[in-house]
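So this block is my_file02.txt, compact mmCIF, C-alpha atoms:
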# COMPACT_ATOMS: atom_id res chain seq x y z
CA MET A 120 5.99 -0.09 14.24
CA LEU A 121 7.62 0.96 11.01
CA HIS A 122 6.06 3.78 9.03
CA ILE A 123 7.12 3.92 5.37
CA ILE A 124 6.65 7.31 3.74
CA ASN A 125 7.07 7.92 0.03
CA LYS A 126 5.47 11.35 -0.29
CA SER A 127 7.19 14.73 -0.23
CA PRO A 128 6.21 16.51 3.01
CA TYR A 129 5.73 19.66 0.93
CA ASP A 130 3.05 18.06 -1.22
CA ARG A 131 1.02 15.72 0.94
CA PRO A 132 0.28 15.21 4.64
CA ALA A 133 1.67 11.64 4.90
CA PHE A 134 4.77 12.67 6.88
CA ASP A 135 2.86 14.89 9.34
CA SER A 136 0.10 12.33 9.56
CA ALA A 137 2.49 9.52 10.49
CA LEU A 138 4.23 11.73 13.08
CA LYS A 139 0.93 12.23 14.89
CA THR A 140 0.43 8.50 15.20
CA GLY A 141 2.71 8.15 18.17
CA GLU A 142 6.01 6.39 18.08
CA GLY A 143 8.25 3.86 16.34
CA ALA A 144 10.37 4.26 13.25
CA ILE A 145 9.87 6.32 10.12
CA LEU A 146 11.56 5.27 6.89
CA LEU A 147 11.61 7.87 4.13
CA ILE A 148 11.71 6.54 0.57
CA GLU A 149 11.07 7.91 -2.95
CA ASP A 150 9.82 11.54 -2.70
CA GLY A 151 9.53 11.04 1.07
CA VAL A 152 13.30 11.59 1.37
CA TYR A 153 12.83 15.34 0.86
CA ALA A 154 11.75 15.38 4.53
CA ALA A 155 15.32 14.38 5.43
CA ALA A 156 17.00 17.36 3.74
CA ARG A 157 18.64 19.96 5.95
CA GLY A 158 17.28 23.50 6.02
CA GLY A 159 13.70 22.60 5.19
CA ALA A 160 10.59 22.97 7.32
CA THR A 161 10.79 19.32 8.38
CA GLU A 162 14.11 19.75 10.21
CA ALA A 163 12.46 21.17 13.33
CA LYS A 164 9.78 18.48 13.25
CA ILE A 165 12.36 15.73 13.04
CA SER A 166 14.39 17.09 15.94
CA ALA A 167 11.25 17.57 18.04
CA ALA A 168 10.19 13.96 17.42
CA GLN A 169 13.59 12.36 18.15
CA GLY A 170 12.41 10.89 21.47
CA LYS A 171 9.44 9.19 19.89
CA PHE A 172 10.68 8.12 16.47
CA LYS A 173 13.83 6.80 14.90
CA PHE A 174 14.25 8.28 11.42
CA TYR A 175 15.72 6.52 8.39
CA ALA A 176 16.03 7.54 4.75
CA LEU A 177 16.83 5.41 1.71
CA THR A 178 20.31 6.22 0.37
CA GLN A 179 19.51 5.49 -3.28
CA ASP A 180 16.55 7.87 -3.24
CA LEU A 181 18.57 10.61 -1.52
CA GLU A 182 21.35 10.21 -4.09
CA ALA A 183 18.95 10.22 -7.02
CA ARG A 184 17.56 13.56 -5.84
CA GLY A 185 20.94 15.17 -5.17
CA ILE A 186 20.43 15.56 -1.43
CA ALA A 187 22.57 12.75 -0.02
CA ASP A 188 25.10 15.33 1.22
CA ARG A 189 22.56 17.30 3.23
CA VAL A 190 20.82 14.77 5.41
CA ILE A 191 19.59 16.10 8.74
CA ASP A 192 21.49 14.89 11.84
CA GLY A 193 19.33 12.29 13.50
CA VAL A 194 18.32 10.63 10.25
CA THR A 195 20.11 7.34 9.55
CA THR A 196 20.66 6.41 5.91
CA VAL A 197 20.00 2.84 4.80
CA ASP A 198 20.23 1.00 1.47
CA TYR A 199 17.63 -1.49 0.17
CA GLY A 200 19.16 -4.19 2.37
CA GLY A 201 18.75 -1.89 5.37
CA PHE A 202 15.14 -1.33 4.30
CA VAL A 203 14.61 -5.11 4.46
CA ASP A 204 16.27 -5.25 7.91
CA LEU A 205 13.93 -2.54 9.21
CA VAL A 206 10.85 -4.36 7.94
CA ALA A 207 12.11 -7.54 9.62
CA GLU A 208 12.86 -5.70 12.87
CA TYR A 209 9.37 -4.25 13.37
CA LYS A 210 6.36 -6.55 13.65
CA THR A 211 4.08 -4.29 11.60
CA CYS A 212 4.65 -1.79 8.84
CA GLN A 213 2.32 0.77 7.36
CA SER A 214 2.93 2.42 4.00
CA TRP A 215 1.53 5.97 4.05
CA LEU A 216 0.49 6.03 0.40
CA MET B 66 11.65 -14.78 7.38
CA LYS B 67 8.79 -14.99 4.89
CA PHE B 68 7.95 -11.81 2.96
CA SER B 69 5.18 -10.88 0.56
CA ILE B 70 5.08 -7.74 -1.54
CA LEU B 71 2.05 -5.84 -2.79
CA VAL B 72 2.52 -3.59 -5.84
CA ASN B 73 -0.29 -1.07 -6.37
CA GLU B 74 1.12 1.03 -9.22
CA GLY B 75 2.04 0.36 -12.80
CA PRO B 76 5.51 0.76 -14.28
CA TYR B 77 7.06 4.08 -15.35
CA THR B 78 4.50 6.59 -14.01
CA HIS B 79 5.29 6.00 -10.35
CA GLN B 80 8.50 4.85 -8.69
CA ALA B 81 6.52 2.31 -6.63
CA SER B 82 7.16 -0.58 -9.00
CA ASP B 83 10.90 0.18 -9.15
CA THR B 84 11.14 0.34 -5.38
CA ALA B 85 9.14 -2.86 -5.00
CA TYR B 86 11.54 -4.59 -7.41
CA GLN B 87 14.67 -3.36 -5.60
CA PHE B 88 13.12 -4.30 -2.28
CA THR B 89 12.21 -7.81 -3.50
CA LYS B 90 15.76 -8.30 -4.78
CA ALA B 91 17.16 -7.17 -1.43
CA VAL B 92 14.82 -9.52 0.46
CA LEU B 93 16.18 -12.43 -1.61
CA ALA B 94 19.78 -11.25 -1.26
CA LYS B 95 19.36 -11.26 2.53
CA GLY B 96 18.38 -14.92 2.35
CA HIS B 97 14.73 -14.39 3.21
CA GLU B 98 11.91 -16.17 1.43
CA VAL B 99 9.47 -14.36 -0.88
CA PHE B 100 6.11 -16.06 -0.52
CA ARG B 101 4.39 -14.00 -3.21
CA VAL B 102 4.46 -10.73 -5.14
CA PHE B 103 0.90 -9.55 -5.70
CA PHE B 104 -0.05 -6.92 -8.29
CA TYR B 105 -3.19 -4.90 -7.70
CA HIS B 106 -4.77 -1.64 -8.94
CA ASP B 107 -2.66 -0.25 -11.83
CA GLY B 108 0.08 -2.56 -10.56
CA VAL B 109 -1.35 -5.19 -12.93
CA ASN B 110 0.22 -3.17 -15.77
CA ASN B 111 3.60 -4.52 -14.64
CA ALA B 112 2.50 -7.78 -16.25
CA THR B 113 2.03 -6.81 -19.90
CA ARG B 114 4.67 -8.30 -22.18
CA LEU B 115 3.76 -5.70 -24.85
CA THR B 116 5.78 -3.06 -23.00
CA THR B 117 8.54 -1.65 -25.20
CA PRO B 118 10.57 1.02 -23.42
CA PRO B 119 13.41 2.87 -25.21
CA GLN B 120 16.62 0.80 -25.36
CA ASP B 121 18.46 3.01 -22.86
CA ASP B 122 15.68 2.66 -20.29
CA ARG B 123 15.09 -0.23 -17.88
CA ASN B 124 12.55 -2.81 -18.97
CA ILE B 125 10.46 -3.09 -15.83
CA VAL B 126 8.30 -5.97 -17.05
CA ASN B 127 11.24 -8.11 -18.25
CA ARG B 128 13.06 -7.34 -15.04
CA TRP B 129 10.19 -8.84 -13.00
CA SER B 130 9.98 -11.86 -15.33
CA LYS B 131 13.71 -12.49 -15.01
CA LEU B 132 13.64 -12.21 -11.22
CA ALA B 133 10.72 -14.63 -11.11
CA GLU B 134 12.59 -17.11 -13.26
CA GLU B 135 15.82 -16.87 -11.26
CA HIS B 136 14.14 -17.24 -7.88
CA ASN B 137 11.02 -19.20 -8.76
CA LEU B 138 8.86 -16.31 -7.53
CA ASP B 139 5.09 -16.56 -7.36
CA MET B 140 3.92 -13.35 -9.09
CA VAL B 141 0.15 -13.00 -9.02
CA VAL B 142 -1.96 -10.45 -10.87
CA CYS B 143 -5.42 -9.71 -9.45
CA VAL B 144 -8.04 -10.96 -11.91
CA ALA B 145 -10.62 -8.22 -11.29
CA ALA B 146 -8.02 -5.45 -11.59
CA ALA B 147 -6.54 -7.17 -14.68
CA GLN B 148 -9.90 -7.45 -16.41
CA ARG B 149 -10.57 -3.75 -15.82
CA ARG B 150 -7.22 -2.81 -17.32
CA GLY B 151 -6.90 -5.32 -20.14
CA ILE B 152 -4.27 -7.72 -18.83
CA VAL B 153 -5.17 -11.04 -20.44
CA ASP B 154 -3.91 -14.62 -20.30
CA GLU B 155 -5.07 -17.60 -22.35
CA GLY B 156 -7.92 -18.47 -19.99
CA GLU B 157 -9.19 -14.89 -19.71
CA MET B 158 -9.01 -14.50 -23.49
CA LYS B 159 -11.30 -17.47 -24.00
CA ARG B 160 -13.62 -16.65 -21.11
CA ASN B 161 -14.16 -13.06 -22.18
CA GLY B 162 -14.02 -13.53 -25.94
CA LYS B 163 -10.91 -11.40 -26.48
CA ASP B 164 -8.64 -11.69 -29.53
CA ALA B 165 -5.24 -11.58 -27.82
CA THR B 166 -3.25 -12.22 -24.68
CA ASN B 167 -0.53 -10.04 -23.16
CA LEU B 168 0.48 -11.63 -19.85
CA ALA B 169 4.27 -11.66 -19.50
CA ALA B 170 6.31 -14.70 -18.47
CA GLY B 171 6.41 -15.48 -14.77
CA PHE B 172 3.05 -13.86 -13.95
CA ARG B 173 -0.23 -15.63 -13.31
CA ILE B 174 -3.74 -14.22 -12.98
CA SER B 175 -5.73 -15.17 -9.91
CA GLY B 176 -8.14 -13.84 -7.30
CA LEU B 177 -7.79 -11.40 -4.43
CA GLY B 178 -7.87 -14.36 -2.09
CA GLN B 179 -4.22 -14.84 -3.05
CA LEU B 180 -3.41 -11.46 -1.50
CA VAL B 181 -5.24 -12.30 1.71
CA GLU B 182 -3.49 -15.67 1.78
CA ALA B 183 -0.15 -13.89 1.35
CA GLY B 184 -1.03 -11.80 4.41
CA ILE B 185 -1.90 -14.90 6.39
CA GLN B 186 1.11 -17.00 5.33
CA SER B 187 3.84 -14.36 5.42
CA ASP B 188 5.64 -12.84 8.38
CA ARG B 189 5.66 -9.48 6.63
CA LEU B 190 3.56 -7.93 3.86
CA VAL B 191 4.99 -4.71 2.46
CA VAL B 192 2.89 -2.38 0.34
CA PHE B 193 4.28 -0.25 -2.51
CA GLY B 194 2.06 2.30 -4.20
CA ASP B 195 1.24 5.96 -4.65
CA MET C 278 -7.29 -21.53 8.83
CA THR C 279 -5.02 -19.18 10.74
CA THR C 280 -6.77 -16.01 11.80
CA LYS C 281 -4.77 -12.84 11.66
CA GLN C 282 -5.61 -9.26 12.46
CA PHE C 283 -5.91 -7.32 9.21
CA MET C 284 -6.30 -3.56 9.32
CA PHE C 285 -7.21 -1.66 6.19
CA VAL C 286 -6.02 1.91 6.39
CA ASN C 287 -8.05 4.26 4.20
CA ARG C 288 -6.53 7.67 3.67
CA LYS C 289 -7.86 8.57 0.24
CA ALA C 290 -11.06 10.26 -0.85
CA PRO C 291 -13.52 8.26 -2.98
CA TYR C 292 -14.12 8.62 -6.73
CA GLY C 293 -11.11 10.84 -7.56
CA THR C 294 -9.12 7.61 -7.67
CA ILE C 295 -10.11 3.95 -7.59
CA TYR C 296 -8.04 3.06 -4.51
CA ALA C 297 -10.89 3.28 -2.01
CA TRP C 298 -13.14 1.06 -4.09
CA GLU C 299 -10.55 -1.62 -4.76
CA SER C 300 -9.56 -1.53 -1.09
CA LEU C 301 -13.15 -2.33 -0.16
CA GLU C 302 -13.02 -5.37 -2.43
CA VAL C 303 -10.03 -6.72 -0.46
CA VAL C 304 -11.80 -6.03 2.83
CA LEU C 305 -14.72 -8.22 1.76
CA ILE C 306 -12.40 -11.02 0.61
CA ALA C 307 -10.42 -10.89 3.87
CA ALA C 308 -13.71 -11.10 5.77
CA ALA C 309 -14.79 -14.05 3.62
CA PHE C 310 -11.49 -15.72 4.64
CA GLU C 311 -12.69 -15.24 8.24
CA GLN C 312 -9.87 -12.94 9.20
CA ASP C 313 -10.12 -10.46 12.06
CA VAL C 314 -10.77 -7.40 9.91
CA SER C 315 -10.85 -3.74 10.88
CA MET C 316 -10.98 -0.58 8.80
CA ALA C 317 -9.36 2.69 9.81
CA PHE C 318 -10.35 5.95 8.16
CA LEU C 319 -8.08 8.93 8.47
CA ASP C 320 -7.04 11.99 6.50
CA ASP C 321 -9.13 12.21 3.29
CA GLY C 322 -10.28 8.63 3.85
CA VAL C 323 -13.05 9.95 6.11
CA PHE C 324 -14.72 11.41 2.99
CA GLN C 325 -15.46 7.81 1.91
CA LEU C 326 -17.87 7.52 4.82
CA LYS C 327 -19.84 10.72 4.12
CA LYS C 328 -23.46 9.81 3.55
CA GLY C 329 -25.59 10.84 0.62
CA HIS C 330 -23.24 10.06 -2.29
CA GLN C 331 -25.14 10.59 -5.57
CA THR C 332 -22.87 9.09 -8.20
CA LYS C 333 -25.24 8.73 -11.13
CA GLY C 334 -23.89 11.88 -12.73
CA ILE C 335 -20.31 10.56 -12.84
CA GLU C 336 -21.45 7.03 -13.81
CA VAL C 337 -19.51 5.33 -11.03
CA LYS C 338 -20.82 2.86 -8.45
CA ALA C 339 -21.57 4.48 -5.09
CA PHE C 340 -19.96 3.25 -1.88
CA GLU C 341 -22.89 3.31 0.45
CA LYS C 342 -24.45 0.09 -0.79
CA THR C 343 -21.23 -1.89 -0.41
CA PHE C 344 -20.55 -0.30 2.96
CA GLY C 345 -23.97 -1.63 3.91
CA ALA C 346 -22.72 -5.16 3.11
CA LEU C 347 -19.85 -4.89 5.60
CA GLU C 348 -22.07 -5.88 8.48
CA ASP C 349 -23.22 -9.00 6.61
CA TYR C 350 -19.54 -9.96 6.43
CA ASP C 351 -19.13 -9.28 10.18
CA VAL C 352 -16.89 -6.30 9.52
CA THR C 353 -17.94 -4.07 12.40
CA LYS C 354 -14.63 -2.60 13.52
CA ILE C 355 -14.81 0.70 11.70
CA TYR C 356 -12.40 3.18 13.24
CA VAL C 357 -12.35 6.88 12.44
CA ASP C 358 -9.79 9.53 13.35
CA GLN C 359 -11.41 12.41 15.25
CA GLU C 360 -8.89 14.99 14.08
CA SER C 361 -9.44 14.14 10.41
CA LEU C 362 -13.21 14.55 10.85
CA THR C 363 -12.90 17.89 12.65
CA GLU C 364 -10.36 19.22 10.18
CA ARG C 365 -12.83 18.52 7.35
CA GLY C 366 -15.90 19.94 9.04
CA LEU C 367 -17.52 16.54 9.57
CA THR C 368 -19.14 14.87 12.57
CA THR C 369 -20.26 11.26 13.01
CA ASP C 370 -23.80 12.43 12.09
CA ASP C 371 -22.51 12.97 8.55
CA LEU C 372 -21.36 9.37 8.19
CA ALA C 373 -23.13 6.50 6.44
CA LEU C 374 -22.01 3.87 8.99
CA PRO C 375 -21.83 3.48 12.74
CA VAL C 376 -18.17 4.04 13.64
CA GLU C 377 -15.85 4.19 16.62
CA VAL C 378 -14.01 7.47 16.91
CA PHE C 379 -10.43 7.54 18.17
CA SER C 380 -7.65 10.05 18.61
CA ARG C 381 -4.69 9.72 16.26
CA ALA C 382 -2.50 8.31 19.02
CA GLU C 383 -5.14 5.69 19.90
CA LEU C 384 -5.38 4.73 16.24
CA GLY C 385 -1.60 4.42 16.17
CA LYS C 386 -1.78 1.91 19.02
CA LEU C 387 -4.50 -0.10 17.25
CA MET C 388 -2.40 -0.09 14.08
CA GLU C 389 0.65 -1.29 15.96
CA ALA C 390 -1.29 -4.25 17.38
CA GLN C 391 -2.12 -5.65 13.92
CA ASP C 392 -0.55 -8.59 12.13
CA VAL C 393 -1.10 -7.07 8.69
CA VAL C 394 -1.68 -3.43 7.80
CA LEU C 395 -2.86 -2.82 4.25
CA SER C 396 -3.08 0.56 2.60
CA PHE C 397 -4.00 1.43 -0.93
Go ahead and express the file in the form of structure tokens.
Amino acid sequence: MLHIINKSPYDRPAFDSALKTGEGAILLIEDGVYAAARGGATEAKISAAQGKFKFYALTQDLEARGIADRVIDGVTTVDYGGFVDLVAEYKTCQSWL
Amino acid sequence: MKFSILVNEGPYTHQASDTAYQFTKAVLAKGHEVFRVFFYHDGVNNATRLTTPPQDDRNIVNRWSKLAEEHNLDMVVCVAAAQRRGIVDEGEMKRNGKDATNLAAGFRISGLGQLVEAGIQSDRLVVFGD
Amino acid sequence: MTTKQFMFVNRKAPYGTIYAWESLEVVLIAAAFEQDVSMAFLDDGVFQLKKGHQTKGIEVKAFEKTFGALEDYDVTKIYVDQESLTERGLTTDDLALPVEVFSRAELGKLMEAQDVVLSF
């Protein structure tokens, strides 16, 4: 399933919480995109979870926050259209509000 | 594919409403159908036509109204959440003895059953909130 | 009417914000529409289930009474995340409702099997 995360991993447990849920895809949007920035504490978590999850981050939110040039390898960037495609691809989606 | 969108936050404080709008536009651009956009919690505040942002800022309410007009969207505001937060249409004004209305064009006030129905009728229901 | 599986994911504590309360209102409506409803409580959401809420002092309606109505609406699938309970020093004895306890991975599987997942 598709997990949509809009919370900074440094503020709230949504990102960690979703990771524990098992497998699927994680889409980072809004403040959630900070999890996709290189050099942070989430980098190791994202590489460790590569077998279980596919990671995506919303381009517009990365750009807005000035981190589009430092996206972790293994995170695919998508625009709003790509967001729609992901929702269509997975039968269920859960927003970790 | 048939999509519905649930908006749980009001405009300006949280990005949720902006993201929901961009997402809805992208759904339509991809040729999918939008069955309904449902506004709940503080999300009902997206439906007040009294909003007056500075001229150089986006007008979130007008933006929704315009999208609804262009694509014949069904935008529903939860009645219980609207009553709590003072979002009023003609019917609610009369029923509750209020002296004004503020519901923006393109929105209608109805019950939570409309959200459940959106879940039943749509292939996907995507939630935006905080 | 079509019956779909609706899961309500509750991850927020009660009273600090209105989300938990307004989520419960949707649960009851979905049940009234005869949908296959389940509720999952994880992270701070487990605090909603803690028994003994005394809300007179903050002048807000307490949850327990409405939780009591869930059974009347045939909402009996109440799932709780073990790890979230343990992390917060709670056991099922502290809870106001009979629940089924699952690991996070098991909850993930249940979530994945749904038609609609709603979170507030």
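Between CA of His106 in chain B and CA of Val337 in chain C there is a distance of 16.4 Å.
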In Å, how far is it from CA of Glu142 in chain A to CA of Val92 in chain B? 25.3 Å
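With CA of Asp121 in chain B on one side and CA of Ala183 in chain A on the other, the separation reads 17.4 Å.
Remark: for Tyr105 in chain B, the closest of the candidate residues C:Phe324, C:Tyr292, C:Tyr350, C:Phe397 is C:Phe397 (distances computed over all atoms listed in the file).
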For chain C, work out the contacting residues on chain B at 7 Å, counting all atoms listed in the file, and write them as JSON, numbers by chain. {"B": [177, 178, 181, 184, 185, 190, 192, 194]}
Mind dumping the selected residues with C-alpha atoms as a PDB file, in the coordinates of the input?
ATOM      1  CA  LEU B 177      -7.790 -11.400  -4.430  1.00  0.00           C
ATOM      2  CA  GLY B 178      -7.870 -14.360  -2.090  1.00  0.00           C
ATOM      3  CA  VAL B 181      -5.240 -12.300   1.710  1.00  0.00           C
ATOM      4  CA  GLY B 184      -1.030 -11.800   4.410  1.00  0.00           C
ATOM      5  CA  ILE B 185      -1.900 -14.900   6.390  1.00  0.00           C
ATOM      6  CA  LEU B 190       3.560  -7.930   3.860  1.00  0.00           C
ATOM      7  CA  VAL B 192       2.890  -2.380   0.340  1.00  0.00           C
ATOM      8  CA  GLY B 194       2.060   2.300  -4.200  1.00  0.00           C
TER       9      GLY B 194
END
Quick one: residues within 9 Å of Phe344 in chain C, only C-alpha atoms counted, chain neighbours fewer than 2 positions away excluded, as a ChimeraX atom specification? /C:301,326,340-342,346-348,373-374
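With only C-alpha atoms as the atoms that count, the residue of A:Lys164, A:Arg189, A:Arg184, A:Lys210 with the shortest distance to His122 in chain A is A:Lys210.
Checking C:Val286, C:Ala339, C:Ala297, C:Asp351 one by one against Leu384 in chain C, counting all atoms listed in the file, you find the shortest gap at C:Val286.
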Counting only C-alpha atoms, figure out which residue out of B:Thr84, B:Ser69, B:Gln120, B:Thr78 gets nearest to chain A. B:Thr84
Residues of chain A that approach chain B to 10 Å or less, counting all atoms listed in the file: could you list each one with the shortest pair of atoms and its distance in Å to one decimal, rows by chain and increasing residue number, as a tab-separated table?
residue	atom	partner	partner_atom	distance
A:Ile123	CA	B:Val192	CA	9.1
A:Asn125	CA	B:Asp195	CA	7.7
A:Lys126	CA	B:Asp195	CA	8.1
A:Ile148	CA	B:Thr84	CA	8.6
A:Glu149	CA	B:Gln80	CA	7.0
A:Asp150	CA	B:Gln80	CA	9.1
A:Asp180	CA	B:Thr84	CA	9.5
A:Asp198	CA	B:Ala91	CA	9.2
A:Tyr199	CA	B:Phe88	CA	5.9
A:Gly200	CA	B:Ala91	CA	5.2
A:Gly201	CA	B:Ala91	CA	8.8
A:Phe202	CA	B:Phe88	CA	7.5
A:Val203	CA	B:Val92	CA	6.0
A:Asp204	CA	B:Lys95	CA	8.6
A:Val206	CA	B:Arg189	CA	7.4
A:Ala207	CA	B:Arg189	CA	7.4
A:Tyr209	CA	B:Arg189	CA	9.3
A:Lys210	CA	B:Arg189	CA	7.6
A:Thr211	CA	B:Arg189	CA	7.4
A:Cys212	CA	B:Val191	CA	7.0
A:Gln213	CA	B:Val192	CA	7.7
A:Ser214	CA	B:Val192	CA	6.0
A:Trp215	CA	B:Asp195	CA	8.7
A:Leu216	CA	B:Asp195	CA	5.1
Around range 163-168 of chain A, fit a box with edges along x, y and z, padding it by 3 Å on each side, then list its centre and edge lengths in Å to one decimal as lines of an AutoDock Vina configuration file.
center_x = 12.1
center_y = 17.6
center_z = 15.5
size_x = 10.6
size_y = 13.2
size_z = 11.0
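Every protein or nucleic acid residue with an atom no more than 12 Å from Gly185 in chain A, counting all atoms listed in the file and leaving out same-chain residues fewer than 5 positions away, appears here: A:Asp150, A:Val152, A:Tyr153, A:Ala156, A:Thr178, A:Gln179, A:Asp180, A:Val190.
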Give the residues of chain A that lie within 6 Å of chain C; count all atoms listed in the file, and format the answer as a ChimeraX atom specification. /A:120,140-141,213
May I have the residues within 7 Å of range 364-371 of chain C as a ChimeraX atom specification, using all atoms listed in the file and disregarding those fewer than 4 positions away in the same chain? /C:327-328,360
Export of the given selection (C-alpha atoms) as an mmCIF file, in the frame of the given file:
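Writing the result to result08.cif gives the following:
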data_model
loop_
_atom_site.group_PDB
_atom_site.id
_atom_site.type_symbol
_atom_site.label_atom_id
_atom_site.label_comp_id
_atom_site.auth_asym_id
_atom_site.auth_seq_id
_atom_site.Cartn_x
_atom_site.Cartn_y
_atom_site.Cartn_z
ATOM 1 C CA LYS C 327 -19.840 10.720 4.120
ATOM 2 C CA LYS C 328 -23.460 9.810 3.550
ATOM 3 C CA GLU C 360 -8.890 14.990 14.080
#
Non-local contacts of range 146-148 of chain B (12 Å; all atoms listed in the file; under 4 positions in same chain excluded) as a VMD selection string: (chain B and resid 73 to 75 103 to 113 141 to 142 152 to 154 156 to 158 160 to 161 163 166 to 168 172 to 177) or (chain C and resid 295 to 296 298 to 300 302 to 303)
For C-alpha atoms, I'd like the residues from the last selection saved as a short mmCIF file (atom, residue, chain, number, x, y, z; two decimals), in the coordinates of the input.
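File written: out.cif
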data_model
loop_
_atom_site.label_atom_id
_atom_site.label_comp_id
_atom_site.auth_asym_id
_atom_site.auth_seq_id
_atom_site.Cartn_x
_atom_site.Cartn_y
_atom_site.Cartn_z
CA ASN B 73 -0.29 -1.07 -6.37
CA GLU B 74 1.12 1.03 -9.22
CA GLY B 75 2.04 0.36 -12.80
CA PHE B 103 0.90 -9.55 -5.70
CA PHE B 104 -0.05 -6.92 -8.29
CA TYR B 105 -3.19 -4.90 -7.70
CA HIS B 106 -4.77 -1.64 -8.94
CA ASP B 107 -2.66 -0.25 -11.83
CA GLY B 108 0.08 -2.56 -10.56
CA VAL B 109 -1.35 -5.19 -12.93
CA ASN B 110 0.22 -3.17 -15.77
CA ASN B 111 3.60 -4.52 -14.64
CA ALA B 112 2.50 -7.78 -16.25
CA THR B 113 2.03 -6.81 -19.90
CA VAL B 141 0.15 -13.00 -9.02
CA VAL B 142 -1.96 -10.45 -10.87
CA ILE B 152 -4.27 -7.72 -18.83
CA VAL B 153 -5.17 -11.04 -20.44
CA ASP B 154 -3.91 -14.62 -20.30
CA GLY B 156 -7.92 -18.47 -19.99
CA GLU B 157 -9.19 -14.89 -19.71
CA MET B 158 -9.01 -14.50 -23.49
CA ARG B 160 -13.62 -16.65 -21.11
CA ASN B 161 -14.16 -13.06 -22.18
CA LYS B 163 -10.91 -11.40 -26.48
CA THR B 166 -3.25 -12.22 -24.68
CA ASN B 167 -0.53 -10.04 -23.16
CA LEU B 168 0.48 -11.63 -19.85
CA PHE B 172 3.05 -13.86 -13.95
CA ARG B 173 -0.23 -15.63 -13.31
CA ILE B 174 -3.74 -14.22 -12.98
CA SER B 175 -5.73 -15.17 -9.91
CA GLY B 176 -8.14 -13.84 -7.30
CA LEU B 177 -7.79 -11.40 -4.43
CA ILE C 295 -10.11 3.95 -7.59
CA TYR C 296 -8.04 3.06 -4.51
CA TRP C 298 -13.14 1.06 -4.09
CA GLU C 299 -10.55 -1.62 -4.76
CA SER C 300 -9.56 -1.53 -1.09
CA GLU C 302 -13.02 -5.37 -2.43
CA VAL C 303 -10.03 -6.72 -0.46
#
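Near Tyr129 in chain A, within a cut-off of 10 Å and counting all atoms listed in the file, sit the residues Ala133, Phe134, Asp150, Gly151, Tyr153, Ala154, Gly159, Ala160 and Thr161 of chain A, with same-chain residues fewer than 4 positions away left out.
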Grab the residues selected above and save them as a short mmCIF file (atom, residue, chain, number, x, y, z; two decimals), keeping the file's coordinate frame with C-alpha atoms.
data_model
loop_
_atom_site.label_atom_id
_atom_site.label_comp_id
_atom_site.auth_asym_id
_atom_site.auth_seq_id
_atom_site.Cartn_x
_atom_site.Cartn_y
_atom_site.Cartn_z
CA ALA A 133 1.67 11.64 4.90
CA PHE A 134 4.77 12.67 6.88
CA ASP A 150 9.82 11.54 -2.70
CA GLY A 151 9.53 11.04 1.07
CA TYR A 153 12.83 15.34 0.86
CA ALA A 154 11.75 15.38 4.53
CA GLY A 159 13.70 22.60 5.19
CA ALA A 160 10.59 22.97 7.32
CA THR A 161 10.79 19.32 8.38
#
B:Gln186, B:Asn124, B:Leu180, B:Glu155: which is nearest Leu71 in chain B, counting all atoms listed in the file? B:Leu180
